[in-house]
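Only one structure is covered here, and it is reproduced in the block below.
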Amino acid sequence: MLSVDIRLQRRDFMLQLQHRFADNKITAVFGASGSGKSTLLRCIAGLEARVTGEISWQGQPWQNKKTFRKAEQRNLAMVFQQANLFSKKRVIDNIRYGLPKTTDDIFIEPQEVIDLLQLQPLLQRLPSQLSGGQQQRVAIARALLSQPKLLLLDEPLNGLDSDAKRQILGDLKRIQQRYQLPMLLVSHHVDEVVSLADEVVVIDNGVKVSAGSLVDEAPYLGQVSDGPLSIIELTQTDKPVEQGLRCWSMGVQQLWLPDGLTKTLNQVDKHKRLVIWARDVSISLSPARDSSLSNQVDATITDIQSAGHEAEKIVTLLVDGQLLRALVTVVSCQRLKLGVGQKITAAFKAAAMH
Amino acid sequence: MSEADWQAVTLTLKLGIYSTLILLLVAIPLAWWLARKNGWVTSIVQTLVALPLVLPPTVLGFYLLIWLGPSGFIGSSLESLGLDHLAFSFEGIVIASVIYSLPFAVQPLIESFRQLPQGQLDAAATLGAGWWRRFWTLVIPMSQGGLLVAATLSFAHTLGEFGVILMLGGSIPGETQVLSILIYDHTEAMDYDSAGTLALGLLVFSFIVLVSVYSLQKRYAAGGLGVKR
């Protein structure tokens, strides 16, 4: 287990954070730009000399008043926002750079990683001959082959196009499943966090705001990003794809999502998580037969709260054991006479899912 | 060319090679430290390193003559250990060359080290590479351009030294009489033919060295030697 209790003062910014990170899981460190996420990762990596406090891994001190283990002694690897590939070395030499000399220390095999990340055709190239997505895949392979006990990912998908992002998200999920490697992912993109993370630590202005499981942290994710949201889990059904739509179940209810969209997140198993923004969810008192919104689910109102704007309310709905949030105007709430315990129909466009 | 002329050529090349090798050994760690640290100590050290650029060579030569000579604290200390003082000796002019050419070695290396991508060095550290491994596998290959310029400028500058060597070394054939001194001696003796031959040789040699440096520098800047892009 990684345990952190640190403090780092810079001119106009202070990072002060205490947290115990879960074992063998992907923990997302989520927050707005400038909140101190990357600095936290650099502190954990041993790249910030001025940090004070304590960092320990599996009970072994990496840093305390007496000890400061250098980055190269921490047995971790880090993937940065920029791939930071060694510009003068070919891909093969890059990915073998951190490989231990003795085979006894190798538990992640080079060829396995090369195959997993589809790097075989790129091995003889120089970094300058690769696309951004390819460079980042090489950086991930290089990090893995150093046989780390902990993988730090500092916004590794920044600046990549959606295809490259999709591929790398799938790669990271596969890597975690295959090697049970604990990862810390820094990101300010909700879709990346939802796609990968099991746990979330939300930080703001250098301080931990909240921490917990992904679903529990959904309200905080919404605060930092584009408004309230829900995270729902779906299970793929056996029904064939119809007119480009694949059928997914949410408890006993069914949703039809574009087949391409359903590949955007992890393709690893038949379960997937989706982000639905509250602003994209509408409420009606009965199923709307004459609506273009085909994804409609039966729901019960569990809570109605004020939203950021005085004209709006956040209506929390229970849908087969999962919470769905809808952003509804106060006028509509009054017109529909919405109240806690009321059964309604919630609708949203498939495209509203991320 | 006379035997004395050839002796001066050999001595000059020997001085250039020795000085350049010593300069690189001294300048690499010094430039690394200056490139990475800030503070008043580094400012003072950087000023001391740059002083030969602005001081008349005779000033530097004068102080070296005093310090390295039999009455100076270095020269007298060496004599008390049973060794010779360093004035009017080859070893003395090597030391003078190293000090005199130090800014020409240190400055390109500082520039080169400052431009190193810190992200690559950080990545290497998180991959388990210690300082020495990072230095040999990343810093040196990425600083090839700076190293080449530092070595060549040091060598070329050493060939052109005159004032410091004249002050400290005089003109002892086979010991301190390098090409620049011999050209001066020939000119004083009104042997313009010999002086002209040596001067032209030095001019052409220096030109070729510098042209080579600048063309190699451009190739490094374009992405490295021997790498097809």
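Just so we're on the same page: first chain in the structure tokens is A, next is B, and so on; residues restart at 1 for each chain, and ligands are numbered from 1 in the order they show up.
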
### Task
Select residues of chain A: the criterion is any atom within 7 Å of an atom of chain B, counting only C-alpha atoms; output as a count of residues only.
14

### Message
Considering only helix (DSSP H, G or I) as DSSP defines it on the backbone, what residues of segment 190-223 of chain A qualify? List them as a list in words.
### Response
Val190, Asp191, Glu192, Val193, Val194, Ser195, Leu196, Ala218, Pro219, Tyr220, Leu221, Gly222 and Gln223 of chain A

Selected residues, C-alpha atoms, written as a compact mmCIF listing (two decimals), in the first residue's frame, please.
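After the write, selection_22.txt holds the following:
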# COMPACT_ATOMS: atom_id res chain seq x y z
CA VAL A 190 -13.98 12.60 -16.55
CA ASP A 191 -14.23 10.06 -19.37
CA GLU A 192 -10.66 8.84 -18.76
CA VAL A 193 -11.26 8.55 -15.04
CA VAL A 194 -14.56 6.73 -15.49
CA SER A 195 -13.09 4.43 -18.08
CA LEU A 196 -10.13 3.33 -15.97
CA ALA A 218 -19.45 11.01 -9.04
CA PRO A 219 -20.88 14.18 -7.41
CA TYR A 220 -17.33 15.52 -6.87
CA LEU A 221 -16.30 14.67 -10.42
CA GLY A 222 -19.22 16.77 -11.58
CA GLN A 223 -18.19 19.72 -9.45

### Query
Any idea what's packed within 12 Å of Glu112 of chain A, counting only C-alpha atoms, ignoring anything in its chain fewer than 6 positions away? Could you give it as an NGL selection string?
:A and (106 or 118-120 or 141 or 144-145 or 175 or 178-179)

For C-alpha atoms, I'd like the residues from the last selection saved as a PDB file, in the first residue's frame.
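File produced: selection.pdb:
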ATOM      1  CA  ILE A 106      11.649  -9.991 -14.999  1.00  0.00           C
ATOM      2  CA  GLN A 118       1.342  -3.722 -30.920  1.00  0.00           C
ATOM      3  CA  LEU A 119       4.815  -2.232 -31.118  1.00  0.00           C
ATOM      4  CA  GLN A 120       6.488  -4.852 -33.339  1.00  0.00           C
ATOM      5  CA  ALA A 141       5.902  -0.261 -22.701  1.00  0.00           C
ATOM      6  CA  LEU A 144       6.233  -1.629 -17.812  1.00  0.00           C
ATOM      7  CA  LEU A 145       9.479  -3.331 -18.756  1.00  0.00           C
ATOM      8  CA  ILE A 175      -2.340  -4.170 -18.518  1.00  0.00           C
ATOM      9  CA  ARG A 178      -3.061  -8.955 -16.696  1.00  0.00           C
ATOM     10  CA  TYR A 179      -0.401  -7.804 -14.246  1.00  0.00           C
TER      11      TYR A 179
END

Can you pull out every residue within 12 Å of Ile66 of chain B, counting only C-alpha atoms, but drop anything in the same chain fewer than 4 positions away, and send it as a PDB file with N, CA and C atoms, in the first residue's frame?
ATOM      1  N   VAL B  59      48.124  40.153 -18.480  1.00  0.00           N
ATOM      2  CA  VAL B  59      47.740  40.202 -17.061  1.00  0.00           C
ATOM      3  C   VAL B  59      47.691  38.788 -16.498  1.00  0.00           C
ATOM      4  N   LEU B  60      46.991  37.901 -17.225  1.00  0.00           N
ATOM      5  CA  LEU B  60      46.901  36.507 -16.784  1.00  0.00           C
ATOM      6  C   LEU B  60      48.310  35.887 -16.738  1.00  0.00           C
ATOM      7  N   GLY B  61      49.089  36.154 -17.801  1.00  0.00           N
ATOM      8  CA  GLY B  61      50.439  35.615 -17.868  1.00  0.00           C
ATOM      9  C   GLY B  61      51.304  36.118 -16.717  1.00  0.00           C
ATOM     10  N   PHE B  62      51.115  37.375 -16.370  1.00  0.00           N
ATOM     11  CA  PHE B  62      51.901  37.955 -15.276  1.00  0.00           C
ATOM     12  C   PHE B  62      51.614  37.223 -13.961  1.00  0.00           C
ATOM     13  N   PRO B  70      59.385  30.442  -9.104  1.00  0.00           N
ATOM     14  CA  PRO B  70      60.049  29.978  -7.877  1.00  0.00           C
ATOM     15  C   PRO B  70      59.657  30.754  -6.632  1.00  0.00           C
ATOM     16  N   SER B  71      59.203  32.011  -6.801  1.00  0.00           N
ATOM     17  CA  SER B  71      58.834  32.802  -5.619  1.00  0.00           C
ATOM     18  C   SER B  71      57.342  32.693  -5.302  1.00  0.00           C
ATOM     19  N   GLY B  72      56.574  32.165  -6.237  1.00  0.00           N
ATOM     20  CA  GLY B  72      55.126  32.085  -6.027  1.00  0.00           C
ATOM     21  C   GLY B  72      54.754  30.963  -5.084  1.00  0.00           C
ATOM     22  N   PHE B  73      53.479  31.027  -4.561  1.00  0.00           N
ATOM     23  CA  PHE B  73      53.118  30.014  -3.560  1.00  0.00           C
ATOM     24  C   PHE B  73      53.011  28.616  -4.173  1.00  0.00           C
ATOM     25  N   ILE B  74      52.660  28.541  -5.452  1.00  0.00           N
ATOM     26  CA  ILE B  74      52.576  27.207  -6.070  1.00  0.00           C
ATOM     27  C   ILE B  74      53.987  26.713  -6.419  1.00  0.00           C
ATOM     28  N   GLY B  75      54.733  27.607  -7.094  1.00  0.00           N
ATOM     29  CA  GLY B  75      56.087  27.223  -7.505  1.00  0.00           C
ATOM     30  C   GLY B  75      56.968  26.867  -6.317  1.00  0.00           C
ATOM     31  N   SER B  76      56.917  27.691  -5.276  1.00  0.00           N
ATOM     32  CA  SER B  76      57.779  27.426  -4.109  1.00  0.00           C
ATOM     33  C   SER B  76      57.319  26.164  -3.374  1.00  0.00           C
ATOM     34  N   HIS B  85      59.722  24.265 -10.169  1.00  0.00           N
ATOM     35  CA  HIS B  85      58.628  25.230 -10.353  1.00  0.00           C
ATOM     36  C   HIS B  85      58.171  25.164 -11.807  1.00  0.00           C
ATOM     37  N   LEU B  86      57.061  25.845 -12.125  1.00  0.00           N
ATOM     38  CA  LEU B  86      56.436  25.624 -13.432  1.00  0.00           C
ATOM     39  C   LEU B  86      56.649  26.756 -14.437  1.00  0.00           C
ATOM     40  N   ALA B  87      57.339  27.827 -14.044  1.00  0.00           N
ATOM     41  CA  ALA B  87      57.603  28.890 -15.013  1.00  0.00           C
ATOM     42  C   ALA B  87      58.594  28.379 -16.061  1.00  0.00           C
ATOM     43  N   PHE B  88      58.409  28.840 -17.310  1.00  0.00           N
ATOM     44  CA  PHE B  88      59.298  28.458 -18.422  1.00  0.00           C
ATOM     45  C   PHE B  88      59.366  26.948 -18.631  1.00  0.00           C
ATOM     46  N   GLY B  92      53.942  24.206 -17.343  1.00  0.00           N
ATOM     47  CA  GLY B  92      53.439  25.537 -16.992  1.00  0.00           C
ATOM     48  C   GLY B  92      52.531  26.097 -18.076  1.00  0.00           C
ATOM     49  N   MET B 167      54.574  35.350 -21.707  1.00  0.00           N
ATOM     50  CA  MET B 167      54.829  35.830 -20.350  1.00  0.00           C
ATOM     51  C   MET B 167      55.332  34.708 -19.445  1.00  0.00           C
ATOM     52  N   LEU B 168      54.664  33.558 -19.534  1.00  0.00           N
ATOM     53  CA  LEU B 168      54.975  32.475 -18.582  1.00  0.00           C
ATOM     54  C   LEU B 168      56.091  31.561 -19.079  1.00  0.00           C
ATOM     55  N   GLY B 169      56.090  31.341 -20.403  1.00  0.00           N
ATOM     56  CA  GLY B 169      56.991  30.297 -20.923  1.00  0.00           C
ATOM     57  C   GLY B 169      58.203  30.837 -21.651  1.00  0.00           C
TER      58      GLY B 169
END

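Across A:Ile26, A:Ser35, A:Gln296, A:Asp216, the tightest approach to Lys173 of chain A is made by A:Ile26 when counting only C-alpha atoms.
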
### Residues within 6 Å of segment 327-334 of chain A, only C-alpha atoms, excluding chain neighbours under 4 positions, as number ranges by chain
A: 278-279, 311-314, 338
